[in-house]
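Quick notes on the structure that follows.
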Amino acid sequence: MSKDKDRMVYFYINKYTNIFTGKNVILHFAPERGIKRKIQKNKQAIYYNGDINPNFADMQIDITDIKFSDNTFDYIICNHVLEHVLNEKQAISELKRVSKPLGKIIITVPICISNDKTVEDEKVTLPDERMRLFCQHDHVRLYGKDFKDRLKKYVLDVSVYNFENE
């Protein structure tokens with residue numbers, strides 16, 4: 001795993017979950033190759049991975065319309081995905097719906113710590129303008145320090161992990 005965001009999620013999964021060793025049903029969006037391989041080695045796990053682009057995962061899955069039954073997954077991994085999704089509310093609703101009552105949804109996003117509030121404007125569609133506002137041509141928002149509160153408004157029980165302290 002060569003990307004910081006991948007190493008961070010790997011560290012979290014390894015330290016705080018039993019995804020790599022336990023009997024779990026797991027859904028992984030935009031799967032990172034190294035993490036995918038490690039999960040697939042866990043023969044007790046039932047593992048699904050998907051992406052909106054069918055070339056990037058084993059299944060094509062739209063995070064705003066997940067074709068699985070309610071209460072299916074023990075863990076859902078969503079690493080650097082929500083900043084690409086126009087309908088954040090619908091995506092979170094779907095993640096909650098397919099998660100088991102005691103399931104965990106691991107969500108990471110890039111956060112601009114100099115912004116108190118998330119910057120978003122659905123009218124911004126041109127790649128150059130998105131790059132200027134959101135720091136990447138395919139992002140639809142740039143999250144700020146309000147990310148935890150944004151998740152809480154969707155009635156999620158949110159735990160924040162600060163990897164600088166690990």
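FYI, nothing fancy with the structure tokens labels: chains A, B, ... in order, residues from 1 per chain, ligands from 1 as they appear.
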
Neighbour list for Tyr154 in chain A as a count of residues only, cut-off 8 Å, only C-alpha atoms, skip fewer than 2 positions in-chain: 7

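Look at His137 in chain A: the protein and nucleic acid residues within 10 Å of it, using only C-alpha atoms and passing over chain neighbours fewer than 3 places away, are His84, Thr125, Leu126, Pro127, Asp128, Glu129, Arg130, Met131, Arg132, Leu133, Phe134 and Val140 of chain A.
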
Contacts of range 5-20 of chain A within 7 Å, only C-alpha atoms, excl. fewer than 3 positions in-chain, as a list in words: Met1, Asn24, Glu32, Ile35, Lys38, Ile39 and Asn42 of chain A

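Of note, CA of Ile106 in chain A and CA of Asn55 in chain A are spaced 22.9 Å apart.
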
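Close contacts of range 48-51 of chain A, defined as residues with an atom at most 9 Å away when counting only C-alpha atoms, with chain neighbours fewer than 5 positions off set aside, comprise Val25, Ile26, Leu27, His28, Phe29, Ala30, Pro31, Lys36, Phe56, Ala57, Asp58, Met59, Gln60, Ile61, Asp62 and Ile63 of chain A.
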
All strand (DSSP E or B) positions in range 1-163 of chain A, as a VMD selection string: chain A and resid 25 to 29 46 to 51 59 to 60 62 65 73 to 79 99 to 108 111 119 to 120 141 to 143

Okay, now the selection with C-alpha atoms, as a PDB file, in the first residue's frame?
```pdb
ATOM      1  CA  VAL A  25     -19.877  -9.936   5.902  1.00  0.00           C
ATOM      2  CA  ILE A  26     -17.992  -7.005   4.367  1.00  0.00           C
ATOM      3  CA  LEU A  27     -18.786  -4.450   1.675  1.00  0.00           C
ATOM      4  CA  HIS A  28     -15.842  -2.440   0.351  1.00  0.00           C
ATOM      5  CA  PHE A  29     -16.302   0.539  -1.969  1.00  0.00           C
ATOM      6  CA  ILE A  46     -17.909 -13.036   3.003  1.00  0.00           C
ATOM      7  CA  TYR A  47     -16.459 -10.170   0.988  1.00  0.00           C
ATOM      8  CA  TYR A  48     -18.039  -7.956  -1.648  1.00  0.00           C
ATOM      9  CA  ASN A  49     -16.298  -5.050  -3.318  1.00  0.00           C
ATOM     10  CA  GLY A  50     -17.740  -2.580  -5.726  1.00  0.00           C
ATOM     11  CA  ASP A  51     -17.387   0.707  -7.507  1.00  0.00           C
ATOM     12  CA  MET A  59     -19.053  -5.556  -8.883  1.00  0.00           C
ATOM     13  CA  GLN A  60     -20.611  -2.374 -10.191  1.00  0.00           C
ATOM     14  CA  ASP A  62     -23.871   2.690  -6.961  1.00  0.00           C
ATOM     15  CA  ASP A  65     -28.623   2.608  -4.700  1.00  0.00           C
ATOM     16  CA  PHE A  73     -23.091  -6.116   6.435  1.00  0.00           C
ATOM     17  CA  ASP A  74     -20.985  -6.284   9.586  1.00  0.00           C
ATOM     18  CA  TYR A  75     -18.503  -3.830   8.068  1.00  0.00           C
ATOM     19  CA  ILE A  76     -18.608  -1.355   5.214  1.00  0.00           C
ATOM     20  CA  ILE A  77     -15.391   0.316   4.054  1.00  0.00           C
ATOM     21  CA  CYS A  78     -15.819   3.634   2.267  1.00  0.00           C
ATOM     22  CA  ASN A  79     -12.375   5.223   1.891  1.00  0.00           C
ATOM     23  CA  SER A  99     -25.397  -2.185   7.619  1.00  0.00           C
ATOM     24  CA  LYS A 100     -26.396  -4.592  10.403  1.00  0.00           C
ATOM     25  CA  PRO A 101     -27.725  -2.929  13.590  1.00  0.00           C
ATOM     26  CA  LEU A 102     -24.322  -3.335  15.275  1.00  0.00           C
ATOM     27  CA  GLY A 103     -22.407  -2.982  12.007  1.00  0.00           C
ATOM     28  CA  LYS A 104     -19.584  -0.505  11.494  1.00  0.00           C
ATOM     29  CA  ILE A 105     -19.218   1.860   8.553  1.00  0.00           C
ATOM     30  CA  ILE A 106     -15.631   2.999   8.082  1.00  0.00           C
ATOM     31  CA  ILE A 107     -15.703   6.341   6.289  1.00  0.00           C
ATOM     32  CA  THR A 108     -12.713   8.483   5.443  1.00  0.00           C
ATOM     33  CA  ILE A 111     -10.539  17.134   4.989  1.00  0.00           C
ATOM     34  CA  VAL A 119     -17.413  23.681   0.612  1.00  0.00           C
ATOM     35  CA  GLU A 120     -19.880  22.400  -1.952  1.00  0.00           C
ATOM     36  CA  ARG A 141     -17.192  18.939  -2.276  1.00  0.00           C
ATOM     37  CA  LEU A 142     -14.225  19.717  -0.069  1.00  0.00           C
ATOM     38  CA  TYR A 143     -14.923  18.592   3.466  1.00  0.00           C
TER      39      TYR A 143
END
```

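Closest approach to Pro110 in chain A among A:Asp4, A:Gln90, A:Gln40, A:Lys23 is made by A:Asp4 (distances from only C-alpha atoms).
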
DSSP alpha helix (DSSP H) selection over range 47-144 of chain A, as an MDAnalysis selection string: chainID A and resid 88:98 127:134

Take the residues from that selection and put them in a file with N, CA and C atoms, as a PDB file, in the first residue's frame.
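See selection_4.pdb below for the written result:
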```pdb
ATOM      1  N   GLU A  88     -24.934  13.006  -1.110  1.00  0.00           N
ATOM      2  CA  GLU A  88     -24.343  12.492   0.123  1.00  0.00           C
ATOM      3  C   GLU A  88     -25.410  11.887   1.035  1.00  0.00           C
ATOM      4  N   LYS A  89     -26.542  12.567   1.164  1.00  0.00           N
ATOM      5  CA  LYS A  89     -27.622  12.099   2.038  1.00  0.00           C
ATOM      6  C   LYS A  89     -28.107  10.715   1.621  1.00  0.00           C
ATOM      7  N   GLN A  90     -28.325  10.510   0.343  1.00  0.00           N
ATOM      8  CA  GLN A  90     -28.790   9.212  -0.155  1.00  0.00           C
ATOM      9  C   GLN A  90     -27.722   8.142   0.045  1.00  0.00           C
ATOM     10  N   ALA A  91     -26.455   8.486  -0.169  1.00  0.00           N
ATOM     11  CA  ALA A  91     -25.368   7.523   0.036  1.00  0.00           C
ATOM     12  C   ALA A  91     -25.318   7.068   1.498  1.00  0.00           C
ATOM     13  N   ILE A  92     -25.384   7.998   2.430  1.00  0.00           N
ATOM     14  CA  ILE A  92     -25.354   7.651   3.853  1.00  0.00           C
ATOM     15  C   ILE A  92     -26.586   6.820   4.215  1.00  0.00           C
ATOM     16  N   SER A  93     -27.727   7.187   3.679  1.00  0.00           N
ATOM     17  CA  SER A  93     -28.953   6.434   3.933  1.00  0.00           C
ATOM     18  C   SER A  93     -28.807   4.980   3.484  1.00  0.00           C
ATOM     19  N   GLU A  94     -28.234   4.786   2.328  1.00  0.00           N
ATOM     20  CA  GLU A  94     -28.018   3.430   1.808  1.00  0.00           C
ATOM     21  C   GLU A  94     -26.992   2.662   2.646  1.00  0.00           C
ATOM     22  N   LEU A  95     -25.906   3.330   3.049  1.00  0.00           N
ATOM     23  CA  LEU A  95     -24.909   2.668   3.896  1.00  0.00           C
ATOM     24  C   LEU A  95     -25.547   2.203   5.201  1.00  0.00           C
ATOM     25  N   LYS A  96     -26.342   3.063   5.801  1.00  0.00           N
ATOM     26  CA  LYS A  96     -27.033   2.705   7.043  1.00  0.00           C
ATOM     27  C   LYS A  96     -28.007   1.547   6.819  1.00  0.00           C
ATOM     28  N   ARG A  97     -28.730   1.587   5.734  1.00  0.00           N
ATOM     29  CA  ARG A  97     -29.749   0.567   5.449  1.00  0.00           C
ATOM     30  C   ARG A  97     -29.149  -0.830   5.336  1.00  0.00           C
ATOM     31  N   VAL A  98     -28.018  -0.949   4.637  1.00  0.00           N
ATOM     32  CA  VAL A  98     -27.439  -2.280   4.406  1.00  0.00           C
ATOM     33  C   VAL A  98     -26.512  -2.730   5.535  1.00  0.00           C
ATOM     34  N   PRO A 127     -14.520  20.574 -14.754  1.00  0.00           N
ATOM     35  CA  PRO A 127     -13.360  20.021 -14.045  1.00  0.00           C
ATOM     36  C   PRO A 127     -12.395  21.083 -13.495  1.00  0.00           C
ATOM     37  N   ASP A 128     -12.114  22.127 -14.264  1.00  0.00           N
ATOM     38  CA  ASP A 128     -11.185  23.166 -13.801  1.00  0.00           C
ATOM     39  C   ASP A 128     -11.731  23.904 -12.580  1.00  0.00           C
ATOM     40  N   GLU A 129     -13.030  24.164 -12.595  1.00  0.00           N
ATOM     41  CA  GLU A 129     -13.656  24.856 -11.474  1.00  0.00           C
ATOM     42  C   GLU A 129     -13.710  23.945 -10.236  1.00  0.00           C
ATOM     43  N   ARG A 130     -13.983  22.661 -10.460  1.00  0.00           N
ATOM     44  CA  ARG A 130     -13.953  21.705  -9.343  1.00  0.00           C
ATOM     45  C   ARG A 130     -12.545  21.606  -8.752  1.00  0.00           C
ATOM     46  N   MET A 131     -11.557  21.621  -9.607  1.00  0.00           N
ATOM     47  CA  MET A 131     -10.167  21.582  -9.124  1.00  0.00           C
ATOM     48  C   MET A 131      -9.895  22.797  -8.245  1.00  0.00           C
ATOM     49  N   ARG A 132     -10.336  23.957  -8.685  1.00  0.00           N
ATOM     50  CA  ARG A 132     -10.104  25.180  -7.934  1.00  0.00           C
ATOM     51  C   ARG A 132     -10.821  25.162  -6.583  1.00  0.00           C
ATOM     52  N   LEU A 133     -12.064  24.720  -6.565  1.00  0.00           N
ATOM     53  CA  LEU A 133     -12.860  24.763  -5.336  1.00  0.00           C
ATOM     54  C   LEU A 133     -12.666  23.555  -4.428  1.00  0.00           C
ATOM     55  N   PHE A 134     -12.530  22.354  -5.045  1.00  0.00           N
ATOM     56  CA  PHE A 134     -12.548  21.116  -4.274  1.00  0.00           C
ATOM     57  C   PHE A 134     -11.226  20.349  -4.312  1.00  0.00           C
TER      58      PHE A 134
END
```

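With only C-alpha atoms as the atoms that count, the residue of A:Asp157, A:Glu122, A:Asp138, A:Asp116 with the shortest distance to Val81 in chain A is A:Asp138.
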